[in-house]
file data_15.txt (compact mmCIF, C-alpha atoms and all ligand atoms)
# COMPACT_ATOMS: atom_id res chain seq x y z
CA MET G 1 3.52 9.99 17.86
CA SER G 2 0.81 11.29 15.52
CA MET G 3 -2.64 9.75 15.93
CA HIS G 4 -2.47 9.00 12.17
CA ASP G 5 0.24 6.38 12.91
CA ILE G 6 -2.13 4.30 15.06
CA ASP G 7 -4.04 1.33 13.67
CA PRO G 8 -7.62 2.03 14.90
CA THR G 9 -8.54 -1.66 14.58
CA MET G 10 -5.95 -2.69 17.19
CA ASN G 11 -7.20 -4.62 20.23
CA PRO G 12 -7.77 -1.97 22.97
CA GLN G 13 -6.01 -3.90 25.72
CA GLU G 14 -2.95 -4.53 23.53
CA PHE G 15 -2.94 -0.90 22.40
CA TRP G 16 -3.01 0.52 25.93
CA GLU G 17 -0.48 -2.02 27.28
CA GLN G 18 1.86 -1.06 24.46
CA ARG G 19 1.21 2.65 25.08
CA TYR G 20 2.01 2.35 28.83
CA GLY G 21 5.05 0.24 27.92
CA THR G 22 6.65 3.11 25.97
CA SER G 23 7.86 4.76 29.19
CA ASP G 24 8.12 4.29 32.96
CA ARG G 25 5.31 6.80 33.33
CA ILE G 26 3.24 8.39 30.56
CA TRP G 27 1.13 10.91 32.54
CA SER G 28 2.29 13.59 35.00
CA GLY G 29 1.05 11.85 38.15
CA ASN G 30 -0.89 15.00 39.06
CA ALA G 31 -4.66 15.17 39.31
CA ASN G 32 -6.54 16.74 36.43
CA ALA G 33 -7.33 20.43 36.98
CA VAL G 34 -11.07 20.02 36.38
CA LEU G 35 -11.38 17.20 38.90
CA GLU G 36 -9.45 19.18 41.51
CA LYS G 37 -11.67 22.20 41.04
CA VAL G 38 -14.94 20.26 41.13
CA ALA G 39 -14.06 17.88 43.98
CA ALA G 40 -12.71 20.71 46.13
CA SER G 41 -16.28 22.02 46.44
CA LEU G 42 -17.73 18.62 47.50
CA PRO G 43 -17.62 16.87 50.88
CA ALA G 44 -15.26 13.88 50.78
CA GLY G 45 -17.02 10.55 50.39
CA ARG G 46 -16.73 7.54 48.09
CA ALA G 47 -15.40 8.13 44.58
CA LEU G 48 -15.06 6.02 41.44
CA ASP G 49 -12.70 6.92 38.58
CA LEU G 50 -13.33 5.36 35.15
CA GLY G 51 -10.20 4.77 33.04
CA SER G 52 -7.98 5.77 35.95
CA GLY G 53 -4.67 5.35 34.07
CA GLU G 54 -1.67 5.70 36.40
CA GLY G 55 -3.96 6.90 39.19
CA GLY G 56 -3.29 10.65 39.43
CA ASP G 57 -6.93 11.56 40.13
CA VAL G 58 -7.56 8.68 42.57
CA LEU G 59 -4.37 9.42 44.53
CA TRP G 60 -5.27 13.10 44.82
CA LEU G 61 -8.82 12.30 45.94
CA ALA G 62 -7.40 10.08 48.68
CA THR G 63 -5.17 12.91 49.92
CA GLN G 64 -8.36 14.98 50.23
CA GLY G 65 -10.01 12.36 52.45
CA TRP G 66 -11.99 10.43 49.81
CA HIS G 67 -12.16 6.65 49.61
CA ALA G 68 -11.48 6.16 45.92
CA THR G 69 -11.57 3.30 43.43
CA GLY G 70 -9.98 3.36 39.98
CA LEU G 71 -11.11 1.08 37.15
CA GLU G 72 -8.60 0.67 34.32
CA LEU G 73 -7.99 -1.66 31.36
CA SER G 74 -4.18 -1.67 31.44
CA ALA G 75 -2.55 -3.96 34.02
CA THR G 76 0.67 -1.95 33.72
CA ALA G 77 -1.12 1.31 34.56
CA VAL G 78 -2.94 -0.34 37.48
CA SER G 79 0.31 -1.71 38.86
CA ARG G 80 1.94 1.76 38.70
CA ALA G 81 -1.07 3.35 40.38
CA HIS G 82 -1.06 0.70 43.10
CA GLU G 83 2.66 1.23 43.77
CA ALA G 84 2.12 5.00 44.03
CA ALA G 85 -0.68 4.43 46.56
CA GLN G 86 1.63 2.25 48.69
CA ARG G 87 4.53 4.68 48.39
CA ASN G 88 2.35 7.59 49.52
CA GLY G 89 0.75 5.71 52.44
CA LEU G 90 -2.70 5.96 50.84
CA ALA G 91 -3.35 2.29 50.14
CA ASP G 92 -5.96 1.95 52.91
CA ARG G 93 -8.21 4.46 51.14
CA ILE G 94 -7.61 3.36 47.56
CA GLU G 95 -8.45 0.42 45.33
CA PHE G 96 -7.37 -0.05 41.71
CA LEU G 97 -9.02 -2.80 39.70
CA ILE G 98 -8.13 -4.08 36.24
CA THR G 99 -11.46 -3.70 34.48
CA ASP G 100 -12.70 -3.57 30.91
CA LEU G 101 -15.34 -0.85 31.08
CA SER G 102 -16.93 -2.08 27.86
CA ILE G 103 -18.30 -5.06 29.82
CA TRP G 104 -18.47 -3.38 33.27
CA GLN G 105 -21.81 -3.36 35.10
CA PRO G 106 -22.03 -0.98 38.09
CA SER G 107 -22.79 -2.80 41.34
CA LYS G 108 -22.14 -0.07 43.96
CA HIS G 109 -23.05 3.58 44.51
CA TYR G 110 -20.58 6.46 44.84
CA ASP G 111 -20.80 10.11 45.88
CA LEU G 112 -18.61 11.05 42.93
CA VAL G 113 -18.14 9.16 39.69
CA SER G 114 -15.53 10.71 37.42
CA ALA G 115 -14.24 9.96 33.93
CA SER G 116 -11.23 12.10 33.00
CA PHE G 117 -10.22 11.90 29.36
CA LEU G 118 -11.77 8.47 28.86
CA GLN G 119 -10.87 8.73 25.18
CA SER G 120 -9.07 6.32 22.93
CA PRO G 121 -7.84 6.12 19.32
CA VAL G 122 -8.93 2.44 19.30
CA ALA G 123 -12.35 0.89 20.05
CA LEU G 124 -14.10 2.32 23.12
CA ASP G 125 -17.88 2.23 23.72
CA ARG G 126 -17.68 5.63 25.36
CA ALA G 127 -21.35 6.65 25.17
CA GLU G 128 -22.54 3.28 26.55
CA ILE G 129 -19.99 3.40 29.37
CA LEU G 130 -20.98 6.93 30.37
CA GLN G 131 -24.66 5.98 30.30
CA ARG G 132 -23.96 2.97 32.57
CA ALA G 133 -21.90 5.21 34.86
CA THR G 134 -25.09 7.08 35.83
CA GLN G 135 -26.20 3.88 37.62
CA ALA G 136 -23.15 4.08 39.89
CA VAL G 137 -24.04 7.53 41.27
CA ALA G 138 -25.67 7.65 44.73
CA VAL G 139 -28.68 9.90 45.33
CA GLY G 140 -27.17 13.32 46.12
CA GLY G 141 -23.94 12.32 44.32
CA HIS G 142 -22.27 13.75 41.22
CA LEU G 143 -21.07 12.47 37.86
CA LEU G 144 -18.18 14.40 36.28
CA ILE G 145 -17.06 13.82 32.69
CA THR G 146 -13.99 15.66 31.47
CA ALA G 147 -12.83 15.23 27.88
CA HIS G 148 -10.51 16.83 25.37
CA ALA G 149 -12.95 18.82 23.24
CA ALA G 150 -10.27 19.81 20.71
CA PRO G 151 -6.64 18.97 19.94
CA PRO G 152 -4.12 21.08 21.88
CA SER G 153 -3.36 24.35 20.08
CA GLY G 154 -0.55 23.96 17.55
CA VAL G 155 -0.80 20.18 16.98
CA GLU G 156 -4.27 20.02 15.39
CA LYS G 157 -2.96 18.24 12.28
CA ASP G 158 -1.88 15.23 14.38
CA PHE G 159 -5.46 14.41 15.34
CA GLU G 160 -8.76 13.33 13.84
CA ARG G 161 -11.43 15.91 14.70
CA ALA G 162 -14.00 13.13 15.31
CA MET G 163 -12.09 12.07 18.44
CA PHE G 164 -13.23 15.11 20.38
CA PRO G 165 -16.64 15.00 22.10
CA GLN G 166 -18.47 18.22 22.88
CA PRO G 167 -20.32 18.82 26.18
CA GLN G 168 -23.72 18.38 24.52
CA ASP G 169 -22.62 15.00 23.07
CA ASP G 170 -21.63 13.67 26.50
CA LEU G 171 -24.72 15.09 28.17
CA ALA G 172 -26.95 13.45 25.53
CA ALA G 173 -25.14 10.10 26.00
CA LEU G 174 -26.22 10.03 29.67
CA GLU G 175 -29.94 9.92 28.74
CA LEU G 176 -30.83 11.61 32.04
CA ALA G 177 -34.41 11.63 33.35
CA PRO G 178 -34.97 15.38 33.94
CA ASP G 179 -36.82 14.88 37.24
CA GLU G 180 -33.95 12.77 38.66
CA TRP G 181 -30.91 14.81 37.63
CA GLN G 182 -29.69 18.39 37.79
CA VAL G 183 -27.26 19.59 35.12
CA ILE G 184 -24.73 21.77 36.91
CA THR G 185 -22.28 22.31 34.03
CA ALA G 186 -22.11 21.33 30.36
CA ASP G 187 -19.47 23.65 29.01
CA ILE G 188 -15.93 24.07 27.64
CA TRP G 189 -13.27 25.13 30.15
CA THR G 190 -9.99 26.42 28.75
CA ARG G 191 -6.60 25.92 30.38
CA GLN G 192 -2.91 26.24 29.59
CA GLY G 193 -0.72 23.16 29.77
CA THR G 194 2.01 21.18 28.05
CA HIS G 195 1.69 18.18 25.75
CA HIS G 196 3.79 14.98 26.00
CA GLY G 197 6.93 16.55 27.42
CA ASN G 198 7.00 19.51 25.03
CA PRO G 199 7.75 22.50 27.34
CA GLU G 200 5.93 24.95 25.02
CA PRO G 201 2.63 25.97 26.69
CA MET G 202 -0.49 25.10 24.69
CA THR G 203 -4.15 25.91 25.07
CA PHE G 204 -6.42 22.99 25.95
CA GLU G 205 -10.19 22.97 25.65
CA ASP G 206 -11.81 20.61 28.16
CA SER G 207 -15.41 19.52 27.75
CA VAL G 208 -16.82 19.49 31.30
CA VAL G 209 -20.13 17.83 32.15
CA LEU G 210 -21.15 17.81 35.81
CA VAL G 211 -24.54 16.44 36.85
CA LYS G 212 -26.07 15.72 40.25
CA ARG G 213 -28.43 12.85 41.05
CA LEU G 214 -31.53 14.20 42.81
CA ALA G 215 -33.57 11.00 43.15
C1 LIG G 301 -6.34 9.25 27.86
S1 LIG G 301 -6.12 8.06 29.12
C2 LIG G 301 -6.64 8.94 30.59
C3 LIG G 301 -6.09 8.35 31.85
C4 LIG G 301 -6.46 9.10 33.16
N1 LIG G 301 -7.89 9.19 33.35
C5 LIG G 301 -5.83 10.47 33.17
O1 LIG G 301 -6.56 11.46 33.08
O2 LIG G 301 -4.60 10.54 33.29
C6 LIG G 301 -7.46 6.94 28.82
C7 LIG G 301 -7.43 5.73 29.74
O3 LIG G 301 -8.58 4.93 29.49
C8 LIG G 301 -8.19 3.57 29.60
N2 LIG G 301 -9.14 2.74 28.84
C9 LIG G 301 -9.33 2.70 27.51
N3 LIG G 301 -10.28 1.79 27.19
C10 LIG G 301 -10.70 1.25 28.37
C11 LIG G 301 -11.65 0.24 28.72
N4 LIG G 301 -12.37 -0.41 27.80
N5 LIG G 301 -11.81 -0.07 30.04
C12 LIG G 301 -11.08 0.57 30.99
N6 LIG G 301 -10.17 1.53 30.72
C13 LIG G 301 -9.98 1.86 29.43
C14 LIG G 301 -6.80 3.55 28.99
O4 LIG G 301 -6.05 2.41 29.34
C15 LIG G 301 -6.21 4.84 29.55
O5 LIG G 301 -5.58 4.63 30.78
call {"tool": "encode", "arguments": {"input": "data_15.txt", "output": "structure tokens", "more": "lines below"}}
Ligand SMILES: C[S@@+](CC[C@H](N)C(=O)[O-])C[C@H]1O[C@@H](n2cnc3c(N)ncnc32)[C@H](O)[C@@H]1O
result
Amino acid sequence: MSMHDIDPTMNPQEFWEQRYGTSDRIWSGNANAVLEKVAASLPAGRALDLGSGEGGDVLWLATQGWHATGLELSATAVSRAHEAAQRNGLADRIEFLITDLSIWQPSKHYDLVSASFLQSPVALDRAEILQRATQAVAVGGHLLITAHAAPPSGVEKDFERAMFPQPQDDLAALELAPDEWQVITADIWTRQGTHHGNPEPMTFEDSVVLVKRLA
């Protein structure tokens, strides 16, 4: 489906329920490459995933020894993620909670807070959510924000350019106090992948922001 076919005024919960309802599974089930690369260099601890979808990142973190929580708007996606955790014997290290991040207030601290492709063609207070996410990071912990910074190569016409945040946009949204945070990465990482079942490889540009809480 082209992004131009979507009504941007649609209620976000209805939109994402409908989107997850189009198929038994809409994502690959694998962890995102950026998360794997970043988390592999960190000691396992407590992780929080914002907009966890069908749970690919949370499930992978649990296999690496993390205790991980996923927050997600769609009940269908949460139910799939929960089933996958049970099926893979990871349920004791994983929690998935149906949560609307637009009204979420952090109440715990995590060693890693991650938001992978927390992007939506309907209403999403992305900058406010990312700013609030800083409050969920423990001292010594990391916040990782991965986003599509451009449409996949070859299908640019299907997308509105405004949907694609750049690393500097996401970094600015965090409003970090310089003496409390270290910016480790704010850059575009390029990878090859496929898009919605099309076997043709495409180039993806990921905006990657990784910051560490010092105090
Ligand atoms: C592009 S998907 C990415 C899913 C997952 N992080 C991944 O990488 O496979 C965006 C996700 O954000 C979720 N989402 C959108 N708005 C949300 C909100 N207000 N609160 C919580 N989740 C939301 C959607 O339901 C969807 O699962």
call {"tool": "residues_near_ligand", "arguments": {"input": "data_15.txt", "ligand": "ligand LIG 301 (chain G)", "cutoff": "6 Å", "atoms": "all atoms listed in the file", "output": "list in words"}}
result
Trp16, Trp27, Gly51, Ser52, Gly53, Glu72, Leu73, Ser74, Thr99, Asp100, Leu101, Ser102, Ser116, Phe117, Leu118, Gln119, Ser120 and Leu124 of chain G
call {"tool": "residues_near_point", "arguments": {"input": "data_15.txt", "point": "(-1.9, 2.3, 36.1)", "cutoff": "8 Å", "atoms": "all atoms listed in the file", "output": "ChimeraX atom specification"}}
result
/G:52-55,72,74-82
call {"tool": "closest_residue", "arguments": {"input": "data_15.txt", "among": "G:Leu59, G:Pro106, G:Pro178, G:Gly154", "to": "G:Thr194", "atoms": "all atoms listed in the file"}}
result
G:Gly154
call {"tool": "residues_around", "arguments": {"input": "data_15.txt", "residues": "G:Glu200", "least_positions_apart": "6", "cutoff": "12 Å", "atoms": "all atoms listed in the file", "output": "MDAnalysis selection string"}}
result
chainID G and resid 152:155 192:194
call {"tool": "closest_residue", "arguments": {"input": "data_15.txt", "among": "G:Ala62, G:Ala177, G:Ile145, G:Val113", "to": "G:Val208", "atoms": "all atoms listed in the file"}}
result
G:Ile145
call {"tool": "build_atoms", "arguments": {"input": "data_15.txt", "residues": "stretch 109-128 of chain G", "atoms": "N, CA and C atoms", "output": "CSV table (one decimal), in the frame of the given file"}}
result
chain,number,residue,atom,x,y,z
G,109,HIS,N,-22.7,2.2,44.7
G,109,HIS,CA,-23.0,3.6,44.5
G,109,HIS,C,-21.9,4.4,45.1
G,110,TYR,N,-21.7,5.6,44.4
G,110,TYR,CA,-20.6,6.5,44.8
G,110,TYR,C,-21.1,7.9,44.9
G,111,ASP,N,-20.4,8.7,45.8
G,111,ASP,CA,-20.8,10.1,45.9
G,111,ASP,C,-20.3,10.9,44.7
G,112,LEU,N,-19.2,10.4,44.1
G,112,LEU,CA,-18.6,11.0,42.9
G,112,LEU,C,-18.1,10.0,42.0
G,113,VAL,N,-18.7,10.0,40.8
G,113,VAL,CA,-18.1,9.2,39.7
G,113,VAL,C,-17.5,10.1,38.7
G,114,SER,N,-16.3,9.8,38.3
G,114,SER,CA,-15.5,10.7,37.4
G,114,SER,C,-14.9,9.9,36.3
G,115,ALA,N,-14.9,10.5,35.1
G,115,ALA,CA,-14.2,10.0,33.9
G,115,ALA,C,-13.4,11.1,33.3
G,116,SER,N,-12.1,11.0,33.5
G,116,SER,CA,-11.2,12.1,33.0
G,116,SER,C,-10.5,11.6,31.7
G,117,PHE,N,-10.9,12.2,30.6
G,117,PHE,CA,-10.2,11.9,29.4
G,117,PHE,C,-10.3,10.4,29.0
G,118,LEU,N,-11.5,9.9,29.3
G,118,LEU,CA,-11.8,8.5,28.9
G,118,LEU,C,-12.0,8.5,27.3
G,119,GLN,N,-10.9,8.6,26.6
G,119,GLN,CA,-10.9,8.7,25.2
G,119,GLN,C,-9.8,7.8,24.6
G,120,SER,N,-10.0,7.3,23.4
G,120,SER,CA,-9.1,6.3,22.9
G,120,SER,C,-9.1,6.3,21.4
G,121,PRO,N,-7.9,6.2,20.8
G,121,PRO,CA,-7.8,6.1,19.3
G,121,PRO,C,-8.2,4.7,18.8
G,122,VAL,N,-8.5,3.8,19.7
G,122,VAL,CA,-8.9,2.4,19.3
G,122,VAL,C,-10.3,2.2,19.9
G,123,ALA,N,-10.9,1.1,19.7
G,123,ALA,CA,-12.4,0.9,20.0
G,123,ALA,C,-12.6,1.2,21.5
G,124,LEU,N,-13.7,2.0,21.8
G,124,LEU,CA,-14.1,2.3,23.1
G,124,LEU,C,-15.6,2.7,23.0
G,125,ASP,N,-16.4,1.9,23.7
G,125,ASP,CA,-17.9,2.2,23.7
G,125,ASP,C,-18.2,3.4,24.7
G,126,ARG,N,-17.7,4.5,24.4
G,126,ARG,CA,-17.7,5.6,25.4
G,126,ARG,C,-19.1,6.0,25.8
G,127,ALA,N,-20.0,6.2,24.8
G,127,ALA,CA,-21.4,6.6,25.2
G,127,ALA,C,-22.0,5.6,26.1
G,128,GLU,N,-21.9,4.3,25.7
G,128,GLU,CA,-22.5,3.3,26.6
G,128,GLU,C,-22.0,3.3,28.0
